[in-house]
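Below is my_file22.tsv, holding TSV, C-alpha atoms.
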chain	number	residue	atom	x	y	z
A	1	MET	CA	6.60	-9.14	-15.45
A	2	PHE	CA	6.45	-9.46	-11.67
A	3	GLY	CA	7.19	-12.89	-10.23
A	4	ASN	CA	5.78	-14.72	-7.21
A	5	GLY	CA	2.14	-14.45	-8.29
A	6	LYS	CA	-0.41	-15.70	-5.79
A	7	ASN	CA	-3.58	-16.35	-7.77
A	8	GLY	CA	-5.45	-19.42	-6.63
A	9	SER	CA	-3.85	-19.64	-3.19
A	10	ASN	CA	-4.81	-18.09	0.11
A	11	GLY	CA	-1.46	-18.73	1.74
A	12	GLY	CA	-3.13	-20.36	4.75
A	13	GLU	CA	-4.60	-17.03	5.86
A	14	ARG	CA	-7.75	-16.81	7.94
A	15	ARG	CA	-10.38	-14.68	6.26
A	16	ASP	CA	-13.75	-13.31	7.24
A	17	GLY	CA	-16.87	-15.07	6.06
A	18	ASP	CA	-17.24	-12.93	2.94
A	19	GLY	CA	-13.67	-13.69	1.85
A	20	ALA	CA	-12.30	-10.29	2.88
A	21	ILE	CA	-8.70	-9.91	3.93
A	22	ILE	CA	-9.44	-6.29	4.91
A	23	ALA	CA	-12.63	-5.75	6.93
A	24	LEU	CA	-13.52	-2.54	8.75
A	25	ALA	CA	-16.72	-2.22	10.75
A	26	GLY	CA	-17.86	0.96	12.47
A	27	VAL	CA	-14.37	2.49	12.44
A	28	ARG	CA	-14.01	5.95	13.94
A	29	LYS	CA	-10.87	8.00	14.28
A	30	VAL	CA	-10.85	11.03	16.56
A	31	TYR	CA	-7.81	13.24	16.98
A	32	ASP	CA	-7.87	14.88	20.41
A	33	THR	CA	-5.55	17.88	20.67
A	34	GLY	CA	-6.84	18.79	24.11
A	35	ALA	CA	-8.48	22.01	23.01
A	36	VAL	CA	-10.48	20.43	20.19
A	37	LYS	CA	-11.49	17.00	18.94
A	38	VAL	CA	-11.46	16.28	15.21
A	39	GLU	CA	-13.43	13.31	13.93
A	40	ALA	CA	-11.47	12.21	10.86
A	41	LEU	CA	-13.43	8.99	10.25
A	42	ARG	CA	-17.06	8.38	11.16
A	43	LYS	CA	-18.34	4.81	11.41
A	44	VAL	CA	-16.60	3.52	8.29
A	45	ASP	CA	-17.50	0.06	7.01
A	46	LEU	CA	-15.24	-1.32	4.28
A	47	SER	CA	-14.50	-4.81	3.03
A	48	ILE	CA	-11.79	-5.66	0.48
A	49	LYS	CA	-11.24	-9.16	-0.85
A	50	ARG	CA	-8.01	-10.77	-1.93
A	51	ASN	CA	-6.80	-9.66	-5.39
A	52	GLU	CA	-9.04	-6.60	-5.59
A	53	PHE	CA	-7.73	-3.40	-7.19
A	54	VAL	CA	-9.36	-0.53	-5.31
A	55	ALA	CA	-9.05	3.25	-5.47
A	56	ILE	CA	-10.03	5.34	-2.46
A	57	VAL	CA	-10.83	8.85	-3.62
A	58	GLY	CA	-11.99	12.07	-2.04
A	59	PRO	CA	-11.14	15.74	-1.62
A	60	SER	CA	-8.46	17.05	0.69
A	61	GLY	CA	-9.55	16.58	4.30
A	62	SER	CA	-12.05	13.85	3.44
A	63	GLY	CA	-10.34	11.27	5.65
A	64	LYS	CA	-8.86	9.10	2.90
A	65	SER	CA	-5.27	9.39	4.16
A	66	THR	CA	-6.38	8.63	7.71
A	67	LEU	CA	-8.16	5.58	6.34
A	68	MET	CA	-5.00	4.43	4.59
A	69	ASN	CA	-2.95	4.88	7.76
A	70	ILE	CA	-5.37	2.62	9.61
A	71	LEU	CA	-5.41	0.04	6.81
A	72	GLY	CA	-1.60	0.03	6.86
A	73	CYS	CA	-1.40	-0.32	10.66
A	74	LEU	CA	0.40	3.03	10.82
A	75	ASP	CA	-2.40	4.32	13.07
A	76	THR	CA	-5.17	2.73	15.11
A	77	ALA	CA	-8.90	3.38	15.20
A	78	THR	CA	-10.48	5.17	18.14
A	79	GLU	CA	-13.31	2.66	18.02
A	80	GLY	CA	-14.66	-0.04	15.75
A	81	SER	CA	-13.17	-3.25	14.34
A	82	TYR	CA	-10.38	-3.77	11.83
A	83	ARG	CA	-9.74	-7.37	10.86
A	84	LEU	CA	-6.70	-8.00	8.67
A	85	ARG	CA	-6.54	-11.51	7.21
A	86	GLY	CA	-9.15	-12.52	9.78
A	87	GLU	CA	-7.15	-11.18	12.75
A	88	GLU	CA	-8.36	-8.27	14.86
A	89	VAL	CA	-5.80	-5.46	14.73
A	90	SER	CA	-6.89	-3.57	17.84
A	91	GLY	CA	-4.92	-4.69	20.86
A	92	MET	CA	-1.93	-5.88	18.85
A	93	SER	CA	1.46	-5.09	20.34
A	94	ILE	CA	3.76	-2.52	18.77
A	95	ASP	CA	6.11	-5.32	17.72
A	96	ARG	CA	3.29	-7.30	16.10
A	97	LEU	CA	2.11	-4.25	14.14
A	98	ALA	CA	5.66	-3.58	12.98
A	99	ASP	CA	5.98	-7.18	11.81
A	100	ILE	CA	2.71	-6.90	9.84
A	101	ARG	CA	3.90	-3.68	8.19
A	102	ASN	CA	7.17	-5.31	7.17
A	103	ARG	CA	5.90	-8.70	6.00
A	104	ARG	CA	2.25	-8.34	5.00
A	105	ILE	CA	1.87	-4.82	3.60
A	106	GLY	CA	3.93	-2.98	1.01
A	107	PHE	CA	3.81	0.82	1.02
A	108	VAL	CA	4.28	3.23	-1.89
A	109	PHE	CA	4.17	6.95	-1.07
A	110	GLN	CA	3.79	10.14	-3.10
A	111	ASN	CA	7.18	11.42	-1.95
A	112	PHE	CA	8.84	8.01	-2.51
A	113	ASN	CA	10.30	7.95	1.05
A	114	LEU	CA	13.64	6.63	-0.16
A	115	LEU	CA	16.66	7.09	2.08
A	116	PRO	CA	18.82	9.62	0.17
A	117	GLN	CA	22.16	8.31	1.39
A	118	LEU	CA	21.44	4.78	0.19
A	119	THR	CA	21.61	3.38	-3.34
A	120	ALA	CA	18.57	1.95	-5.10
A	121	PHE	CA	19.83	-1.53	-4.20
A	122	GLU	CA	20.22	-0.62	-0.52
A	123	ASN	CA	16.79	1.01	-0.35
A	124	VAL	CA	15.11	-2.11	-1.71
A	125	GLU	CA	17.23	-4.32	0.53
A	126	MET	CA	16.17	-2.52	3.73
A	127	PRO	CA	12.94	-4.52	4.46
A	128	LEU	CA	14.86	-7.75	3.93
A	129	LEU	CA	17.45	-6.66	6.49
A	130	PHE	CA	14.67	-6.04	9.01
A	131	LYS	CA	13.27	-9.46	8.15
A	132	GLY	CA	16.64	-11.06	8.85
A	133	ALA	CA	17.06	-12.58	5.39
A	134	PRO	CA	20.54	-13.95	4.64
A	135	ALA	CA	22.85	-11.98	2.36
A	136	LYS	CA	22.59	-14.28	-0.67
A	137	GLU	CA	18.77	-14.24	-0.54
A	138	ARG	CA	18.77	-10.45	-0.17
A	139	ARG	CA	21.06	-9.94	-3.15
A	140	GLU	CA	19.10	-12.28	-5.42
A	141	ARG	CA	15.74	-10.81	-4.41
A	142	VAL	CA	16.82	-7.18	-4.82
A	143	GLU	CA	18.49	-7.79	-8.17
A	144	SER	CA	15.38	-9.61	-9.41
A	145	LEU	CA	13.00	-6.85	-8.29
A	146	LEU	CA	15.05	-3.99	-9.70
A	147	GLY	CA	15.36	-5.91	-12.95
A	148	GLN	CA	11.59	-6.39	-13.06
A	149	VAL	CA	10.96	-2.64	-12.73
A	150	GLY	CA	13.52	-1.87	-15.42
A	151	LEU	CA	16.28	-0.56	-13.20
A	152	ALA	CA	18.92	-3.28	-13.48
A	153	ASP	CA	21.37	-0.60	-14.67
A	154	ARG	CA	20.54	1.82	-11.85
A	155	MET	CA	21.11	-0.38	-8.80
A	156	GLN	CA	24.06	1.62	-7.50
A	157	HIS	CA	22.49	5.03	-8.14
A	158	ARG	CA	21.26	7.14	-5.23
A	159	PRO	CA	17.84	8.85	-5.38
A	160	VAL	CA	19.31	12.20	-6.40
A	161	GLU	CA	20.64	10.50	-9.53
A	162	LEU	CA	17.22	9.11	-10.53
A	163	SER	CA	14.17	10.66	-12.15
A	164	GLY	CA	10.85	10.83	-10.32
A	165	GLY	CA	9.49	7.85	-12.23
A	166	GLN	CA	12.62	5.84	-11.49
A	167	MET	CA	12.43	6.68	-7.79
A	168	GLN	CA	8.83	5.50	-7.68
A	169	ARG	CA	9.82	2.25	-9.39
A	170	VAL	CA	12.49	1.77	-6.70
A	171	ALA	CA	9.74	2.37	-4.13
A	172	ILE	CA	7.56	-0.28	-5.78
A	173	ALA	CA	10.45	-2.76	-5.75
A	174	ARG	CA	11.01	-2.01	-2.07
A	175	ALA	CA	7.31	-2.50	-1.34
A	176	LEU	CA	7.52	-5.97	-2.93
A	177	ALA	CA	10.71	-7.04	-1.15
A	178	CYS	CA	9.02	-9.20	1.50
A	179	GLU	CA	6.34	-10.53	-0.88
A	180	PRO	CA	3.38	-8.80	0.82
A	181	ASP	CA	-0.24	-9.73	0.17
A	182	ILE	CA	-1.36	-6.10	0.11
A	183	ILE	CA	0.09	-3.01	-1.58
A	184	LEU	CA	-1.05	0.37	-0.23
A	185	ALA	CA	-0.18	3.38	-2.38
A	186	ASP	CA	-0.80	6.96	-1.23
A	187	GLU	CA	-1.00	9.34	-4.23
A	188	PRO	CA	1.69	7.28	-6.01
A	189	THR	CA	1.59	9.46	-9.15
A	190	GLY	CA	1.17	12.80	-7.39
A	191	ASN	CA	4.74	13.99	-8.02
A	192	LEU	CA	5.07	12.55	-11.52
A	193	ASP	CA	4.28	13.83	-14.99
A	194	SER	CA	1.51	12.11	-16.95
A	195	ALA	CA	3.85	9.75	-18.83
A	196	ALA	CA	5.68	8.59	-15.71
A	197	GLY	CA	2.38	8.36	-13.82
A	198	GLY	CA	0.90	6.17	-16.53
A	199	ASP	CA	3.95	3.90	-16.36
A	200	ILE	CA	3.56	3.50	-12.59
A	201	ILE	CA	-0.13	2.61	-12.87
A	202	GLY	CA	0.85	0.07	-15.53
A	203	LYS	CA	3.18	-1.52	-12.96
A	204	PHE	CA	0.31	-1.70	-10.47
A	205	GLU	CA	-1.89	-3.36	-13.08
A	206	GLU	CA	0.80	-6.00	-13.56
A	207	LEU	CA	0.90	-6.61	-9.81
A	208	TRP	CA	-2.88	-6.97	-9.67
A	209	ALA	CA	-2.76	-9.48	-12.54
A	210	LYS	CA	-0.25	-11.50	-10.52
A	211	GLY	CA	-2.59	-11.81	-7.52
A	212	HIS	CA	-1.71	-8.89	-5.26
A	213	THR	CA	-4.38	-6.84	-3.50
A	214	LEU	CA	-3.90	-3.15	-4.32
A	215	VAL	CA	-5.41	-0.13	-2.59
A	216	LEU	CA	-4.59	3.30	-4.09
A	217	ILE	CA	-5.35	6.62	-2.44
A	218	THR	CA	-5.78	9.23	-5.17
A	219	HIS	CA	-7.56	12.45	-6.05
A	220	ASP	CA	-7.00	11.81	-9.77
A	221	GLY	CA	-10.13	10.54	-11.51
A	222	ALA	CA	-8.16	9.21	-14.48
A	223	ILE	CA	-6.02	7.09	-12.15
A	224	ALA	CA	-9.08	5.84	-10.25
A	225	ARG	CA	-10.70	4.71	-13.50
A	226	ARG	CA	-7.77	2.38	-14.18
A	227	THR	CA	-8.53	0.41	-11.01
A	228	ARG	CA	-11.47	-2.01	-10.75
A	229	ARG	CA	-13.40	-0.48	-7.84
A	230	VAL	CA	-13.73	3.08	-6.55
A	231	VAL	CA	-14.55	3.92	-2.93
A	232	ARG	CA	-15.45	7.59	-2.44
A	233	VAL	CA	-14.84	9.20	0.93
A	234	GLN	CA	-16.23	12.54	2.05
A	235	ASP	CA	-16.37	14.12	5.51
A	236	GLY	CA	-14.98	10.97	7.07
A	237	THR	CA	-17.56	8.55	5.66
A	238	VAL	CA	-17.86	6.28	2.64
A	239	VAL	CA	-20.41	7.92	0.33
A	240	ASP	CA	-20.09	5.62	-2.68
A	241	ASP	CA	-18.58	2.23	-3.47
A	242	ALA	CA	-18.90	0.97	-7.03
A	243	PRO	CA	-17.01	-0.62	-9.92
A	244	ALA	CA	-14.65	1.76	-11.71
A	245	ALA	CA	-16.37	3.44	-14.64
Just give me the structure as structure tokens.
Amino acid sequence: MFGNGKNGSNGGERRDGDGAIIALAGVRKVYDTGAVKVEALRKVDLSIKRNEFVAIVGPSGSGKSTLMNILGCLDTATEGSYRLRGEEVSGMSIDRLADIRNRRIGFVFQNFNLLPQLTAFENVEMPLLFKGAPAKERRERVESLLGQVGLADRMQHRPVELSGGQMQRVAIARALACEPDIILADEPTGNLDSAAGGDIIGKFEELWAKGHTLVLITHDGAIARRTRRVVRVQDGTVVDDAPAA
């Protein structure tokens, strides 16, 4: 269903020796409030290759959301190395990190994070505006993406006029707007019923089949089993890393 598949091509990217486009080594994250220090991640090592479909699971407070924020360049590690497409993230400028988030990584959140005053079309168009894409390219890309997620007839609807499943499909279309290599999804089915949640995971499976790298944060074992690899996090460390059962 989804166009612009990337199987068989590395897009000219530099990768680590094991083929990873995501490579963490000895990553720690410490939140210092002044009165107390909280170690959210403790010496995490994690390597993800292109076109993997990975679930990161763990209980509340395990560090999985902190890990996603670091993977998505929304936060930085206190110490350790994070190489994204072979490039060390630490020391990057704010502008460079923002460019990576817009062009290289697509985000899908539990609460959708759609702008309520904008239509579905305008929400999906937003990353393309930041990219500086011309109007004709923006229109064609947005119409194509919303058509691919089954919302061709909802382009001019605002979020309040859409169901939860439809809002998440808009969020997926927005995540794909700039043709990112990596999709990061934080509890993408958390606010959906089982039918809508199953539909969303089906969309992710289609993306994986087209060559995208997908990393899902979830506490739902049934969702994790539909990926291809499950990384379990507890107390800020990776305690298990194995193929999905």
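A straight line drawn from atom CA of A:Gly197 to atom CA of A:Ile223 is 8.7 Å long.
Using only C-alpha atoms for every distance, the candidate list A:Arg42, A:Ala23, A:Arg28, A:Ala55 yields A:Ala55 as the residue closest to A:Phe204.
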So that I can check the surroundings of A:Arg174, please list as JSON, numbers by chain every protein, DNA and RNA residue that reaches within 9 Å of it, counting all atoms listed in the file and ignoring chain neighbours fewer than 6 positions away.
{"A": [106, 107, 108, 123, 124, 125, 126, 127, 142, 145, 146]}
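With distances taken over all atoms listed in the file, A:Glu87 is the one residue among A:Glu87, A:Asp220, A:Glu161, A:Glu39 lying closest to A:Ile22.
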Non-local contacts of stretch 229-240 of chain A (9 Å; all atoms listed in the file; under 6 positions in same chain excluded) as a PyMOL selection string:
chain A and resi 28-29+39-46+52-59+61-64+66-67
Selection from above, C-alpha atoms, as a compact mmCIF listing (two decimals), in the coordinates of the input, can you write it?
# COMPACT_ATOMS: atom_id res chain seq x y z
CA ARG A 28 -14.01 5.95 13.94
CA LYS A 29 -10.87 8.00 14.28
CA GLU A 39 -13.43 13.31 13.93
CA ALA A 40 -11.47 12.21 10.86
CA LEU A 41 -13.43 8.99 10.25
CA ARG A 42 -17.06 8.38 11.16
CA LYS A 43 -18.34 4.81 11.41
CA VAL A 44 -16.60 3.52 8.29
CA ASP A 45 -17.50 0.06 7.01
CA LEU A 46 -15.24 -1.32 4.28
CA GLU A 52 -9.04 -6.60 -5.59
CA PHE A 53 -7.73 -3.40 -7.19
CA VAL A 54 -9.36 -0.53 -5.31
CA ALA A 55 -9.05 3.25 -5.47
CA ILE A 56 -10.03 5.34 -2.46
CA VAL A 57 -10.83 8.85 -3.62
CA GLY A 58 -11.99 12.07 -2.04
CA PRO A 59 -11.14 15.74 -1.62
CA GLY A 61 -9.55 16.58 4.30
CA SER A 62 -12.05 13.85 3.44
CA GLY A 63 -10.34 11.27 5.65
CA LYS A 64 -8.86 9.10 2.90
CA THR A 66 -6.38 8.63 7.71
CA LEU A 67 -8.16 5.58 6.34
Write out as a list in words each polymer residue whose atoms come within 10 Å of stretch 190-193 of chain A, counting only C-alpha atoms; drop sequence neighbours fewer than 3 positions from it.
Phe109, Gln110, Asn111, Phe112, Ser163, Gly164, Gly165, Gln168, Asp186, Glu187, Ala196, Gly197, Gly198, Asp199, Ile200, Thr218, His219 and Asp220 of chain A
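A straight line drawn from atom CA of A:Cys73 to atom CA of A:Ala175 is 15.0 Å long.
Between atom CA of A:Ala224 and atom CA of A:Arg104 there is a distance of 23.7 Å.
Non-sequential neighbours of A:Ser47 (distance at most 10 Å, separation of 6 or more positions within a chain, only C-alpha atoms) are Asp16, Asp18, Gly19, Ala20, Ile21, Ile22, Ala23, Leu24, Ala25, Tyr82 and Arg83 of chain A.
Proximity to A:Lys131 was assessed for A:Ile100, A:Val89, A:Val27, A:Leu216 counting all atoms listed in the file; the smallest distance is recorded for A:Ile100.
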File output for stretch 21-61 of chain A (N, CA and C atoms) as a tab-separated table (two decimals), in the first residue's frame:
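As a result, out-v5.tsv now contains:
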chain	number	residue	atom	x	y	z
A	21	ILE	N	21.97	1.05	11.63
A	21	ILE	CA	21.75	2.49	11.43
A	21	ILE	C	21.46	3.16	12.77
A	22	ILE	N	21.13	2.37	13.79
A	22	ILE	CA	21.02	2.85	15.17
A	22	ILE	C	22.00	2.04	16.01
A	23	ALA	N	22.92	2.70	16.70
A	23	ALA	CA	23.91	2.00	17.51
A	23	ALA	C	24.18	2.78	18.79
A	24	LEU	N	23.73	2.22	19.91
A	24	LEU	CA	23.99	2.81	21.22
A	24	LEU	C	25.03	1.97	21.94
A	25	ALA	N	25.96	2.63	22.61
A	25	ALA	CA	26.99	1.93	23.36
A	25	ALA	C	27.22	2.64	24.69
A	26	GLY	N	26.94	1.94	25.78
A	26	GLY	CA	27.18	2.49	27.11
A	26	GLY	C	26.39	3.74	27.42
A	27	VAL	N	25.15	3.82	26.93
A	27	VAL	CA	24.36	5.05	27.09
A	27	VAL	C	23.75	5.12	28.48
A	28	ARG	N	24.02	6.23	29.15
A	28	ARG	CA	23.39	6.54	30.44
A	28	ARG	C	22.60	7.84	30.29
A	29	LYS	N	21.50	7.91	31.04
A	29	LYS	CA	20.75	9.15	31.12
A	29	LYS	C	20.43	9.41	32.57
A	30	VAL	N	20.91	10.53	33.07
A	30	VAL	CA	20.69	10.91	34.47
A	30	VAL	C	19.97	12.24	34.48
A	31	TYR	N	18.82	12.27	35.16
A	31	TYR	CA	18.08	13.51	35.36
A	31	TYR	C	18.48	14.08	36.71
A	32	ASP	N	19.02	15.29	36.69
A	32	ASP	CA	19.51	15.95	37.91
A	32	ASP	C	18.58	17.10	38.25
A	33	THR	N	17.77	16.90	39.29
A	33	THR	CA	16.83	17.95	39.71
A	33	THR	C	17.44	18.92	40.71
A	34	GLY	N	18.69	18.66	41.09
A	34	GLY	CA	19.34	19.48	42.09
A	34	GLY	C	19.31	18.78	43.44
A	35	ALA	N	18.12	18.40	43.87
A	35	ALA	CA	17.99	17.71	45.15
A	35	ALA	C	18.27	16.22	45.02
A	36	VAL	N	17.98	15.67	43.83
A	36	VAL	CA	18.14	14.23	43.64
A	36	VAL	C	18.52	13.95	42.19
A	37	LYS	N	19.27	12.90	41.99
A	37	LYS	CA	19.63	12.45	40.65
A	37	LYS	C	18.93	11.12	40.37
A	38	VAL	N	18.29	11.04	39.21
A	38	VAL	CA	17.58	9.84	38.82
A	38	VAL	C	18.26	9.25	37.58
A	39	GLU	N	18.73	8.03	37.70
A	39	GLU	CA	19.39	7.36	36.58
A	39	GLU	C	18.32	6.59	35.79
A	40	ALA	N	17.89	7.17	34.68
A	40	ALA	CA	16.82	6.57	33.88
A	40	ALA	C	17.33	5.45	32.98
A	41	LEU	N	18.54	5.60	32.47
A	41	LEU	CA	19.17	4.56	31.65
A	41	LEU	C	20.56	4.28	32.20
A	42	ARG	N	20.91	2.98	32.20
A	42	ARG	CA	22.18	2.56	32.80
A	42	ARG	C	22.98	1.71	31.82
A	43	LYS	N	23.94	2.34	31.16
A	43	LYS	CA	24.86	1.62	30.29
A	43	LYS	C	24.12	0.74	29.25
A	44	VAL	N	23.26	1.35	28.49
A	44	VAL	CA	22.48	0.62	27.49
A	44	VAL	C	23.29	0.45	26.21
A	45	ASP	N	23.35	-0.78	25.74
A	45	ASP	CA	23.91	-1.11	24.43
A	45	ASP	C	22.76	-1.62	23.56
A	46	LEU	N	22.62	-1.06	22.37
A	46	LEU	CA	21.53	-1.47	21.49
A	46	LEU	C	21.92	-1.17	20.05
A	47	SER	N	21.72	-2.16	19.19
A	47	SER	CA	22.03	-2.00	17.77
A	47	SER	C	20.81	-2.44	16.96
A	48	ILE	N	20.38	-1.59	16.03
A	48	ILE	CA	19.23	-1.88	15.18
A	48	ILE	C	19.65	-1.67	13.73
A	49	LYS	N	19.43	-2.69	12.91
A	49	LYS	CA	19.80	-2.62	11.51
A	49	LYS	C	18.66	-2.04	10.67
A	50	ARG	N	19.01	-1.64	9.48
A	50	ARG	CA	18.02	-1.14	8.54
A	50	ARG	C	16.96	-2.22	8.29
A	51	ASN	N	15.69	-1.78	8.22
A	51	ASN	CA	14.54	-2.62	7.92
A	51	ASN	C	14.26	-3.66	9.00
A	52	GLU	N	14.65	-3.37	10.24
A	52	GLU	CA	14.20	-4.20	11.36
A	52	GLU	C	12.86	-3.65	11.86
A	53	PHE	N	12.10	-4.54	12.50
A	53	PHE	CA	10.81	-4.19	13.11
A	53	PHE	C	10.92	-4.61	14.57
A	54	VAL	N	11.15	-3.63	15.44
A	54	VAL	CA	11.55	-3.89	16.82
A	54	VAL	C	10.53	-3.30	17.79
A	55	ALA	N	10.18	-4.07	18.81
A	55	ALA	CA	9.38	-3.57	19.93
A	55	ALA	C	10.29	-3.40	21.13
A	56	ILE	N	10.17	-2.27	21.81
A	56	ILE	CA	10.85	-2.05	23.08
A	56	ILE	C	9.77	-2.07	24.16
A	57	VAL	N	9.87	-3.03	25.06
A	57	VAL	CA	8.82	-3.24	26.05
A	57	VAL	C	9.40	-3.15	27.46
A	58	GLY	N	8.52	-2.87	28.40
A	58	GLY	CA	8.91	-2.79	29.79
A	58	GLY	C	7.84	-2.12	30.61
A	59	PRO	N	7.87	-2.31	31.92
A	59	PRO	CA	6.86	-1.69	32.78
A	59	PRO	C	7.04	-0.18	32.87
A	60	SER	N	6.05	0.48	33.43
A	60	SER	CA	6.13	1.92	33.64
A	60	SER	C	7.36	2.23	34.49
A	61	GLY	N	8.12	3.24	34.08
A	61	GLY	CA	9.31	3.62	34.82
A	61	GLY	C	10.55	2.82	34.49
